[in-house]
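Novice: What follows is protein_20.cif, made up of mmCIF, C-alpha atoms:
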data_start
#
loop_
_atom_site.label_atom_id
_atom_site.label_comp_id
_atom_site.auth_asym_id
_atom_site.auth_seq_id
_atom_site.Cartn_x
_atom_site.Cartn_y
_atom_site.Cartn_z
CA MET W 1 -29.39 -17.77 105.36
CA ARG W 2 -27.01 -20.70 105.28
CA ARG W 3 -29.95 -23.08 105.46
CA VAL W 4 -31.59 -21.39 102.43
CA LEU W 5 -28.35 -21.68 100.43
CA TYR W 6 -28.08 -25.35 101.42
CA PHE W 7 -31.63 -25.90 100.19
CA ILE W 8 -30.87 -24.25 96.82
CA VAL W 9 -27.75 -26.40 96.36
CA MET W 10 -29.73 -29.55 97.23
CA LEU W 11 -32.51 -28.54 94.82
CA GLY W 12 -29.91 -28.10 92.05
CA MET W 13 -28.52 -31.56 92.68
CA VAL W 14 -31.98 -33.13 92.60
CA MET W 15 -32.82 -31.38 89.31
CA THR W 16 -29.53 -32.58 87.78
CA ALA W 17 -30.20 -36.14 88.85
CA HIS W 18 -33.62 -35.96 87.26
CA ALA W 19 -32.34 -34.46 83.98
CA GLY W 20 -32.33 -37.82 82.21
CA GLN W 21 -33.08 -38.35 78.56
CA PRO W 22 -34.13 -35.60 76.17
CA LEU W 23 -37.31 -35.95 74.10
CA VAL W 24 -35.63 -36.71 70.78
CA SER W 25 -35.61 -39.51 68.25
CA VAL W 26 -32.43 -40.47 66.38
CA ASP W 27 -32.64 -42.40 63.12
CA ASP W 28 -30.17 -44.03 60.74
CA ALA W 29 -27.18 -43.63 63.07
CA ARG W 30 -24.05 -44.88 61.34
CA MET W 31 -20.30 -44.23 61.17
CA ARG W 32 -18.15 -44.79 58.10
CA TRP W 33 -15.19 -47.08 58.61
CA LEU W 34 -11.77 -45.86 57.51
CA PRO W 35 -8.48 -47.78 57.78
CA GLY W 36 -6.04 -47.65 60.69
CA ASP W 37 -6.68 -44.97 63.28
CA LEU W 38 -7.89 -42.30 60.90
CA PRO W 39 -10.73 -40.12 62.20
CA MET W 40 -14.16 -41.38 61.17
CA ALA W 41 -17.42 -39.50 60.59
CA GLY W 42 -20.71 -40.28 62.32
CA TYR W 43 -24.05 -39.49 60.68
CA PHE W 44 -27.69 -39.57 61.87
CA VAL W 45 -30.99 -37.74 61.69
CA ILE W 46 -32.16 -36.19 64.94
CA THR W 47 -35.71 -34.97 65.58
CA SER W 48 -36.72 -33.03 68.65
CA HIS W 49 -40.00 -33.79 70.42
CA ALA W 50 -39.15 -31.52 73.32
CA PRO W 51 -41.49 -28.62 74.17
CA GLY W 52 -38.65 -26.07 74.16
CA THR W 53 -35.38 -25.50 72.33
CA LEU W 54 -32.93 -28.34 72.74
CA ARG W 55 -29.20 -27.95 72.15
CA LEU W 56 -26.88 -30.79 71.16
CA LEU W 57 -23.58 -29.92 72.82
CA GLY W 58 -21.33 -32.87 72.17
CA ALA W 59 -20.83 -36.61 72.18
CA ALA W 60 -18.62 -39.33 73.60
CA SER W 61 -18.01 -43.01 72.91
CA PRO W 62 -16.04 -45.76 74.68
CA ALA W 63 -14.67 -46.75 71.24
CA PHE W 64 -13.01 -43.34 70.70
CA GLY W 65 -10.73 -41.10 72.73
CA ASP W 66 -12.42 -37.95 71.49
CA VAL W 67 -15.65 -37.10 69.68
CA MET W 68 -16.43 -33.63 68.33
CA VAL W 69 -19.34 -32.04 66.51
CA HIS W 70 -18.07 -30.78 63.15
CA ARG W 71 -19.48 -29.23 60.04
CA SER W 72 -18.02 -29.33 56.53
CA LEU W 73 -18.44 -26.13 54.57
CA GLU W 74 -17.74 -25.31 50.95
CA GLU W 75 -16.90 -21.72 50.06
CA SER W 76 -15.75 -20.65 46.60
CA GLY W 77 -14.87 -24.22 45.66
CA VAL W 78 -12.79 -24.80 48.81
CA THR W 79 -13.89 -27.30 51.45
CA HIS W 80 -13.04 -26.97 55.10
CA MET W 81 -14.21 -28.35 58.42
CA ALA W 82 -15.27 -26.28 61.38
CA HIS W 83 -15.79 -27.23 65.02
CA VAL W 84 -19.35 -26.57 66.15
CA ASP W 85 -20.12 -25.57 69.75
CA GLY W 86 -23.70 -26.77 69.58
CA VAL W 87 -26.66 -27.45 67.31
CA ASP W 88 -30.04 -25.98 68.29
CA LEU W 89 -33.21 -27.97 67.70
CA ASN W 90 -36.56 -26.19 67.80
CA PRO W 91 -39.65 -28.17 68.86
CA GLY W 92 -40.46 -30.66 66.09
CA GLN W 93 -37.34 -29.81 64.07
CA SER W 94 -35.22 -32.46 62.34
CA VAL W 95 -31.54 -31.95 61.56
CA ALA W 96 -29.62 -34.36 59.33
CA PHE W 97 -26.01 -35.05 60.19
CA ALA W 98 -25.03 -36.11 56.68
CA PRO W 99 -22.00 -36.25 54.32
CA GLY W 100 -20.81 -32.76 53.38
CA GLY W 101 -22.47 -31.09 56.38
CA TYR W 102 -22.84 -31.71 60.12
CA HIS W 103 -21.08 -34.84 61.35
CA LEU W 104 -19.53 -36.32 64.45
CA MET W 105 -15.74 -36.46 64.15
CA LEU W 106 -14.68 -39.68 65.90
CA MET W 107 -10.99 -39.69 66.81
CA GLY W 108 -8.49 -41.95 68.55
CA ARG W 109 -9.93 -45.45 68.29
CA THR W 110 -9.66 -47.42 71.51
CA GLN W 111 -10.53 -50.69 69.76
CA GLU W 112 -10.48 -52.18 66.27
CA LEU W 113 -13.71 -51.60 64.40
CA HIS W 114 -15.22 -53.51 61.51
CA ALA W 115 -18.11 -52.85 59.15
CA GLY W 116 -21.35 -54.33 60.49
CA GLU W 117 -20.52 -53.76 64.17
CA GLU W 118 -22.49 -51.46 66.47
CA VAL W 119 -20.82 -48.80 68.58
CA PRO W 120 -22.54 -46.91 71.42
CA VAL W 121 -22.30 -43.12 71.30
CA THR W 122 -23.62 -40.85 74.05
CA LEU W 123 -25.13 -37.62 72.74
CA ARG W 124 -24.97 -34.77 75.28
CA PHE W 125 -27.57 -32.00 75.41
CA ASN W 126 -28.28 -28.90 77.49
CA ASP W 127 -29.35 -29.39 81.14
CA ASP W 128 -27.13 -32.48 81.39
CA GLN W 129 -29.49 -34.57 79.31
CA THR W 130 -27.87 -37.53 77.59
CA LEU W 131 -28.96 -40.20 75.15
CA VAL W 132 -27.06 -43.38 74.24
CA VAL W 133 -27.43 -44.29 70.56
CA ASN W 134 -25.98 -47.36 68.82
CA PHE W 135 -24.19 -46.42 65.60
CA ARG W 136 -23.77 -49.04 62.84
CA VAL W 137 -20.27 -49.21 61.34
CA THR W 138 -20.59 -48.99 57.54
CA GLY W 139 -18.00 -49.70 54.84
CA ALA W 140 -15.76 -46.96 53.41
CA GLN W 141 -17.80 -46.89 50.19
CA ASP W 142 -21.26 -47.03 51.76
CA GLU W 143 -22.00 -43.30 51.83
CA MET Y 1 -26.81 -34.82 9.31
CA THR Y 2 -29.20 -36.67 6.94
CA GLY Y 3 -31.30 -33.52 6.67
CA CYS Y 4 -28.20 -31.46 5.89
CA ALA Y 5 -27.10 -33.92 3.13
CA ALA Y 6 -30.57 -33.94 1.56
CA ALA Y 7 -30.49 -30.14 1.46
CA ALA Y 8 -27.12 -30.31 -0.37
CA ARG Y 9 -28.68 -32.36 -3.23
CA VAL Y 10 -31.57 -29.96 -3.68
CA LEU Y 11 -29.58 -26.71 -3.70
CA GLY Y 12 -27.41 -25.87 -6.72
CA SER Y 13 -25.98 -22.38 -6.87
CA ARG Y 14 -22.47 -21.65 -5.68
CA PHE Y 15 -23.73 -19.18 -3.07
CA LEU Y 16 -26.11 -21.71 -1.63
CA ILE Y 17 -23.36 -24.35 -1.53
CA LEU Y 18 -21.22 -21.92 0.47
CA LEU Y 19 -24.12 -21.35 2.79
CA LEU Y 20 -24.57 -25.09 3.07
CA VAL Y 21 -20.92 -25.68 3.97
CA SER Y 22 -21.33 -23.36 6.93
CA LEU Y 23 -24.58 -25.08 7.85
CA LEU Y 24 -22.84 -28.49 7.75
CA ALA Y 25 -20.14 -27.15 10.05
CA ALA Y 26 -22.87 -26.04 12.44
CA CYS Y 27 -24.42 -29.53 12.25
CA GLY Y 28 -21.06 -31.04 13.27
CA GLN Y 29 -20.67 -28.71 16.26
CA ASN Y 30 -24.09 -29.50 17.57
CA GLU Y 31 -22.96 -32.20 20.01
CA PRO Y 32 -25.22 -32.97 22.95
CA PRO Y 33 -24.29 -31.10 26.14
CA TRP Y 34 -22.23 -32.84 28.79
CA GLY Y 35 -23.82 -33.68 32.14
CA LEU Y 36 -20.75 -32.25 33.91
CA ARG Y 37 -19.21 -28.81 33.44
CA ASN Y 38 -17.21 -28.65 30.21
CA ILE Y 39 -13.82 -27.01 30.91
CA SER Y 40 -12.04 -28.18 27.74
CA GLY Y 41 -8.98 -26.09 27.02
CA LEU Y 42 -9.23 -24.10 30.25
CA MET Y 43 -6.43 -25.92 32.06
CA PRO Y 44 -3.11 -27.51 31.10
CA SER Y 45 -2.84 -31.19 30.16
CA LEU Y 46 -2.13 -33.80 32.85
CA ASP Y 47 1.51 -33.53 33.88
CA PHE Y 48 3.18 -34.18 37.24
CA THR Y 49 5.93 -36.04 39.05
CA LEU Y 50 4.73 -37.77 42.24
CA THR Y 51 5.22 -41.00 44.20
CA GLU Y 52 2.64 -43.77 43.94
CA ALA Y 53 1.59 -45.02 47.38
CA ARG Y 54 1.01 -48.62 46.23
CA ASP Y 55 4.65 -49.40 45.40
CA GLY Y 56 6.67 -46.26 46.13
CA ALA Y 57 7.46 -45.80 42.42
CA THR Y 58 7.90 -42.37 40.83
CA VAL Y 59 5.05 -41.70 38.40
CA HIS Y 60 4.43 -39.01 35.81
CA GLY Y 61 1.27 -37.63 34.29
CA LYS Y 62 2.13 -39.19 30.93
CA ASP Y 63 2.09 -42.66 32.52
CA PHE Y 64 -1.70 -42.35 32.59
CA ARG Y 65 -2.13 -41.60 28.87
CA GLY Y 66 -4.67 -44.00 27.41
CA LYS Y 67 -6.79 -43.89 30.58
CA VAL Y 68 -9.53 -41.45 31.46
CA VAL Y 69 -8.29 -39.77 34.66
CA LEU Y 70 -10.26 -38.26 37.55
CA LEU Y 71 -7.98 -35.99 39.60
CA TYR Y 72 -8.85 -35.15 43.20
CA PHE Y 73 -6.86 -33.44 45.96
CA GLY Y 74 -7.48 -34.34 49.61
CA TYR Y 75 -5.98 -35.87 52.74
CA THR Y 76 -6.54 -39.04 54.76
CA HIS Y 77 -7.42 -37.31 58.07
CA CYS Y 78 -10.52 -36.01 56.31
CA PRO Y 79 -13.42 -38.14 57.58
CA ASP Y 80 -16.32 -36.52 55.76
CA VAL Y 81 -15.85 -34.85 52.37
CA CYS Y 82 -12.85 -36.83 51.02
CA PRO Y 83 -14.33 -40.33 51.62
CA THR Y 84 -17.71 -39.12 50.35
CA THR Y 85 -16.12 -37.84 47.13
CA LEU Y 86 -13.94 -40.94 46.65
CA SER Y 87 -16.94 -43.19 47.29
CA LEU Y 88 -19.02 -41.26 44.74
CA LEU Y 89 -16.27 -41.45 42.10
CA SER Y 90 -15.65 -45.13 42.82
CA HIS Y 91 -19.37 -45.98 42.41
CA ALA Y 92 -19.54 -43.96 39.17
CA VAL Y 93 -16.49 -45.81 37.77
CA LYS Y 94 -17.67 -49.27 38.89
CA ALA Y 95 -20.95 -48.68 37.01
CA LEU Y 96 -18.88 -48.69 33.79
CA GLY Y 97 -18.56 -52.48 34.19
CA THR Y 98 -15.70 -53.96 32.19
CA SER Y 99 -14.60 -50.47 31.07
CA ALA Y 100 -13.89 -49.45 34.70
CA ASP Y 101 -10.29 -50.60 34.19
CA GLN Y 102 -9.90 -47.82 31.59
CA VAL Y 103 -10.38 -45.14 34.29
CA ARG Y 104 -8.08 -44.08 37.13
CA ILE Y 105 -9.03 -41.97 40.15
CA LEU Y 106 -5.92 -40.08 41.30
CA PHE Y 107 -6.08 -39.07 44.97
CA VAL Y 108 -3.29 -36.56 45.59
CA SER Y 109 -2.48 -35.80 49.23
CA VAL Y 110 -2.24 -32.12 50.13
CA ASP Y 111 -1.07 -33.18 53.61
CA PRO Y 112 2.23 -35.03 52.95
CA ALA Y 113 3.41 -34.32 56.51
CA ARG Y 114 0.83 -36.77 57.94
CA ASP Y 115 0.04 -38.90 54.91
CA THR Y 116 2.75 -41.54 54.76
CA LEU Y 117 2.88 -43.76 51.67
CA ALA Y 118 1.66 -46.71 53.77
CA GLN Y 119 -1.30 -44.74 55.09
CA LEU Y 120 -2.22 -43.42 51.63
CA LYS Y 121 -1.99 -46.94 50.24
CA THR Y 122 -4.51 -48.44 52.68
CA TYR Y 123 -6.75 -45.37 52.38
CA ALA Y 124 -6.85 -45.56 48.55
CA ALA Y 125 -7.36 -49.33 48.62
CA ALA Y 126 -10.45 -48.91 50.83
CA PHE Y 127 -12.18 -47.20 47.89
CA GLY Y 128 -11.31 -49.69 45.16
CA PRO Y 129 -8.55 -50.84 42.82
CA GLU Y 130 -8.99 -47.89 40.43
CA VAL Y 131 -8.06 -45.37 43.16
CA VAL Y 132 -4.38 -44.40 43.01
CA GLY Y 133 -2.90 -42.69 46.09
CA LEU Y 134 -0.21 -40.14 45.19
CA ARG Y 135 2.20 -38.22 47.41
CA GLY Y 136 4.74 -35.57 46.56
CA SER Y 137 7.50 -33.61 48.21
CA ALA Y 138 6.53 -30.05 49.17
CA ASP Y 139 8.08 -28.80 45.90
CA GLU Y 140 6.38 -31.43 43.73
CA LEU Y 141 3.03 -30.75 45.36
CA GLU Y 142 3.41 -27.01 44.96
CA ALA Y 143 4.29 -27.32 41.27
CA PHE Y 144 1.34 -29.62 40.65
CA THR Y 145 -1.26 -27.61 42.57
CA LYS Y 146 -0.09 -24.34 40.97
CA ARG Y 147 -0.49 -25.91 37.53
CA TYR Y 148 -4.19 -26.54 38.23
CA ARG Y 149 -4.75 -23.51 40.48
CA VAL Y 150 -5.67 -25.83 43.34
CA SER Y 151 -5.65 -24.14 46.74
CA TYR Y 152 -5.11 -25.71 50.13
CA GLY Y 153 -4.20 -24.53 53.59
CA TYR Y 154 -3.59 -25.81 57.11
CA GLY Y 155 -5.45 -24.88 60.28
CA LYS Y 156 -3.89 -24.39 63.72
CA PRO Y 157 -2.90 -27.70 65.40
CA ASP Y 158 -4.92 -28.55 68.55
CA SER Y 159 -3.44 -29.84 71.82
CA ARG Y 160 -2.87 -33.29 70.27
CA GLY Y 161 -1.26 -31.87 67.12
CA ALA Y 162 -4.34 -32.58 64.98
CA TYR Y 163 -5.22 -29.95 62.41
CA GLU Y 164 -7.71 -29.33 59.64
CA VAL Y 165 -6.77 -28.97 56.00
CA SER Y 166 -8.87 -26.86 53.66
CA HIS Y 167 -8.68 -27.92 50.03
CA SER Y 168 -10.33 -27.55 46.62
CA SER Y 169 -13.44 -29.68 46.35
CA ALA Y 170 -13.32 -29.99 42.54
CA VAL Y 171 -12.53 -33.16 40.63
CA TYR Y 172 -10.86 -32.67 37.23
CA VAL Y 173 -11.54 -35.10 34.39
CA PHE Y 174 -8.88 -35.70 31.71
CA ASP Y 175 -9.42 -37.68 28.51
CA ARG Y 176 -7.22 -40.52 27.25
CA LYS Y 177 -4.84 -38.02 25.63
CA GLY Y 178 -4.34 -36.27 28.98
CA GLU Y 179 -6.32 -33.18 27.98
CA ILE Y 180 -8.59 -31.43 30.51
CA ARG Y 181 -12.26 -31.92 29.65
CA LEU Y 182 -14.73 -31.84 32.56
CA LEU Y 183 -15.17 -30.64 36.12
CA ILE Y 184 -17.09 -32.67 38.72
CA GLY Y 185 -18.71 -30.50 41.39
CA SER Y 186 -20.06 -31.49 44.80
CA THR Y 187 -23.66 -31.69 43.51
CA ASP Y 188 -23.02 -34.03 40.55
CA SER Y 189 -24.51 -37.51 40.91
CA ALA Y 190 -22.89 -40.87 40.12
CA PRO Y 191 -25.15 -41.59 37.05
CA ILE Y 192 -24.23 -38.20 35.50
CA ILE Y 193 -20.53 -38.90 36.04
CA THR Y 194 -20.83 -42.44 34.63
CA GLY Y 195 -22.65 -41.15 31.52
CA ASP Y 196 -19.96 -38.60 30.71
CA LEU Y 197 -17.15 -41.10 31.40
CA GLN Y 198 -18.79 -43.49 28.91
CA ARG Y 199 -18.74 -40.74 26.28
CA LEU Y 200 -15.09 -39.92 26.96
CA LEU Y 201 -14.14 -43.61 26.77
CA ALA Y 202 -15.95 -43.95 23.44
CA GLU Y 203 -14.07 -41.03 21.87
CA THR Y 204 -10.87 -42.87 21.03
CA PRO Y 205 -11.83 -46.55 21.03
CA GLY Y 206 -8.87 -48.77 21.72
CA ALA Y 207 -6.37 -45.94 21.24
CA SER Y 208 -3.10 -46.41 23.12
CA THR Y 209 -4.54 -48.81 25.67
#
Would you give me this structure, written as structure tokens?
Specialist:
Amino acid sequence: MRRVLYFIVMLGMVMTAHAGQPLVSVDDARMRWLPGDLPMAGYFVITSHAPGTLRLLGAASPAFGDVMVHRSLEESGVTHMAHVDGVDLNPGQSVAFAPGGYHLMLMGRTQELHAGEEVPVTLRFNDDQTLVVNFRVTGAQDE
Amino acid sequence: MTGCAAAARVLGSRFLILLLVSLLAACGQNEPPWGLRNISGLMPSLDFTLTEARDGATVHGKDFRGKVVLLYFGYTHCPDVCPTTLSLLSHAVKALGTSADQVRILFVSVDPARDTLAQLKTYAAAFGPEVVGLRGSADELEAFTKRYRVSYGYGKPDSRGAYEVSHSSAVYVFDRKGEIRLLIGSTDSAPIITGDLQRLLAETPGAST
């Protein structure tokens, strides 16, 4: 019995190690610069080429202490932001992270950033799949 | 109007002249529709007491008479909607060319606890010289937001003390006399805004500037 359990644990580890990159394409990845250490927003268009449902769970970047998936919502003329636990992508589906909707909230800069630079962001999906995407830093008035 | 005047020459009787007077009045009211939502007379004129982030000076609503004013409420820790709105307004105003100086975009912080004058100053400056960052005490802000029925609220702080602020998404447009005229909504484009600003600027050419 113990041997069987050991095998299952080993199998789990092998599957995790093989998780790798998800079958997605990410286009027009950019983040809008704001002064000082104010939180910035990251935008992109993500398209799934995976055979099954894919779920974007979060993101991280060496240039920021914390990155969250957020969504801006407008109800009865009032705007507010909500934290999002995950965004589901059906096979072939595209989702735009765009101003006034889904965006990455990039907080706690660990380095100075300037318009024109590129910043790596790791997108994290279900089954421990990750994808590193370079985001272009745009000017405050570029969106 | 030419058609109305020609009709006046043809018609003679007193009754028809009376009819014509009312027709002429109708001609005058037939102004082309605005691209933005017309809210003339639905809100009070521009009046407030706040602190200007650029130099720390106390400013009043009447200090902006002679300019067309776009009024927006937001906060600097807002990475998505506030910069998107300010960027849209700034592009719409810049498209006015040399007349851009006749317009001011007032960005009023609804988060004075975090928005220091220094922070508001650099934030406003990032969107152009026509953006004016304004901050008020809790009382000043309450008086101002009540006057325009602007709502805002604060979310629960997270472990680092960060919190969300919900706020009205509308932008109010005041004419050079400080009267409320138009409302910019989240779906209005820069060319529509620029077109209506041009019309407002043309209303009182050179007056009190």
Novice: Could you write out as number ranges by chain the residues of chain Y within 6 Å of chain W, counting only C-alpha atoms?
Specialist: Y: 77, 79-81, 87, 166-169
Novice: May I have the selected residues written with C-alpha atoms, as a tab-separated table (two decimals), in the coordinates of the input?
Specialist:
chain	number	residue	atom	x	y	z
Y	77	HIS	CA	-7.42	-37.31	58.07
Y	79	PRO	CA	-13.42	-38.14	57.58
Y	80	ASP	CA	-16.32	-36.52	55.76
Y	81	VAL	CA	-15.85	-34.85	52.37
Y	87	SER	CA	-16.94	-43.19	47.29
Y	166	SER	CA	-8.87	-26.86	53.66
Y	167	HIS	CA	-8.68	-27.92	50.03
Y	168	SER	CA	-10.33	-27.55	46.62
Y	169	SER	CA	-13.44	-29.68	46.35
Novice: In terms of the shortest atom-to-atom distance over only C-alpha atoms, which of Y:Val173, Y:Ala53, Y:Met43, Y:Ala95 is closest to Gly195 (chain Y)?
Specialist: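 Closest to Gly195 (chain Y) of all the choices is Y:Ala95.
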Novice: Starting from the displayed file, determine the output of the PyMOL selection byres ((chain Y and resi 46) around 8) and express the residue list as a list in words.
Specialist: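 After applying the PyMOL selection byres ((chain Y and resi 46) around 8), what remains is Pro44, Ser45, Asp47, Phe48, Gly61, Lys62, Phe174, Gly178, Glu179 and Ile180 of chain Y.
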Novice: Apply the PyMOL selection byres ((chain Y and resi 108-112) around 10) to the structure shown and report the selected residues as number ranges by chain.
Specialist: Y: 50-53, 71-77, 105-107, 113-117, 120, 132-138, 141-142, 144-145, 150-154, 164-168
Novice: Which residues are near His49 (chain W)? Cut-off 6 Å, all atoms listed in the file, ignore same chain within fewer than 4 positions. Put them as a list of chain:residue names.
Specialist: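 In the requested form, the answer reads W:Leu23, W:Val24, W:Pro91, W:Gly92.
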Novice: Run the PyMOL selection byres ((chain W and resi 131) around 9) mentally over the shown coordinates, then write out the matched residues as a CSV table (one decimal) with C-alpha atoms, in the coordinates of the input, using the chain letters and numbers from the document.
Specialist:
chain,number,residue,atom,x,y,z
W,20,GLY,CA,-32.3,-37.8,82.2
W,21,GLN,CA,-33.1,-38.4,78.6
W,22,PRO,CA,-34.1,-35.6,76.2
W,24,VAL,CA,-35.6,-36.7,70.8
W,121,VAL,CA,-22.3,-43.1,71.3
W,122,THR,CA,-23.6,-40.8,74.0
W,123,LEU,CA,-25.1,-37.6,72.7
W,124,ARG,CA,-25.0,-34.8,75.3
W,125,PHE,CA,-27.6,-32.0,75.4
W,129,GLN,CA,-29.5,-34.6,79.3
W,130,THR,CA,-27.9,-37.5,77.6
W,132,VAL,CA,-27.1,-43.4,74.2
W,133,VAL,CA,-27.4,-44.3,70.6
Novice: Using Å and a single decimal, report how far CA of Leu89 (chain Y) sits from CA of Val171 (chain Y).
Specialist: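 So the two atoms, CA of Val171 (chain Y) and CA of Leu89 (chain Y), lie 9.2 Å apart.
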Novice: Which one of Y:Thr122, Y:Thr58, Y:Ser159, Y:Asn38 sits closest to Asp196 (chain Y) if you count all atoms listed in the file?
Specialist: Y:Asn38
Novice: Just the residues within 10 Å of Ser48 (chain W), please, counting all atoms listed in the file, with nothing from its chain fewer than 4 positions along; format it as a ChimeraX atom specification.
Specialist: /W:22-26,52-55,88-95
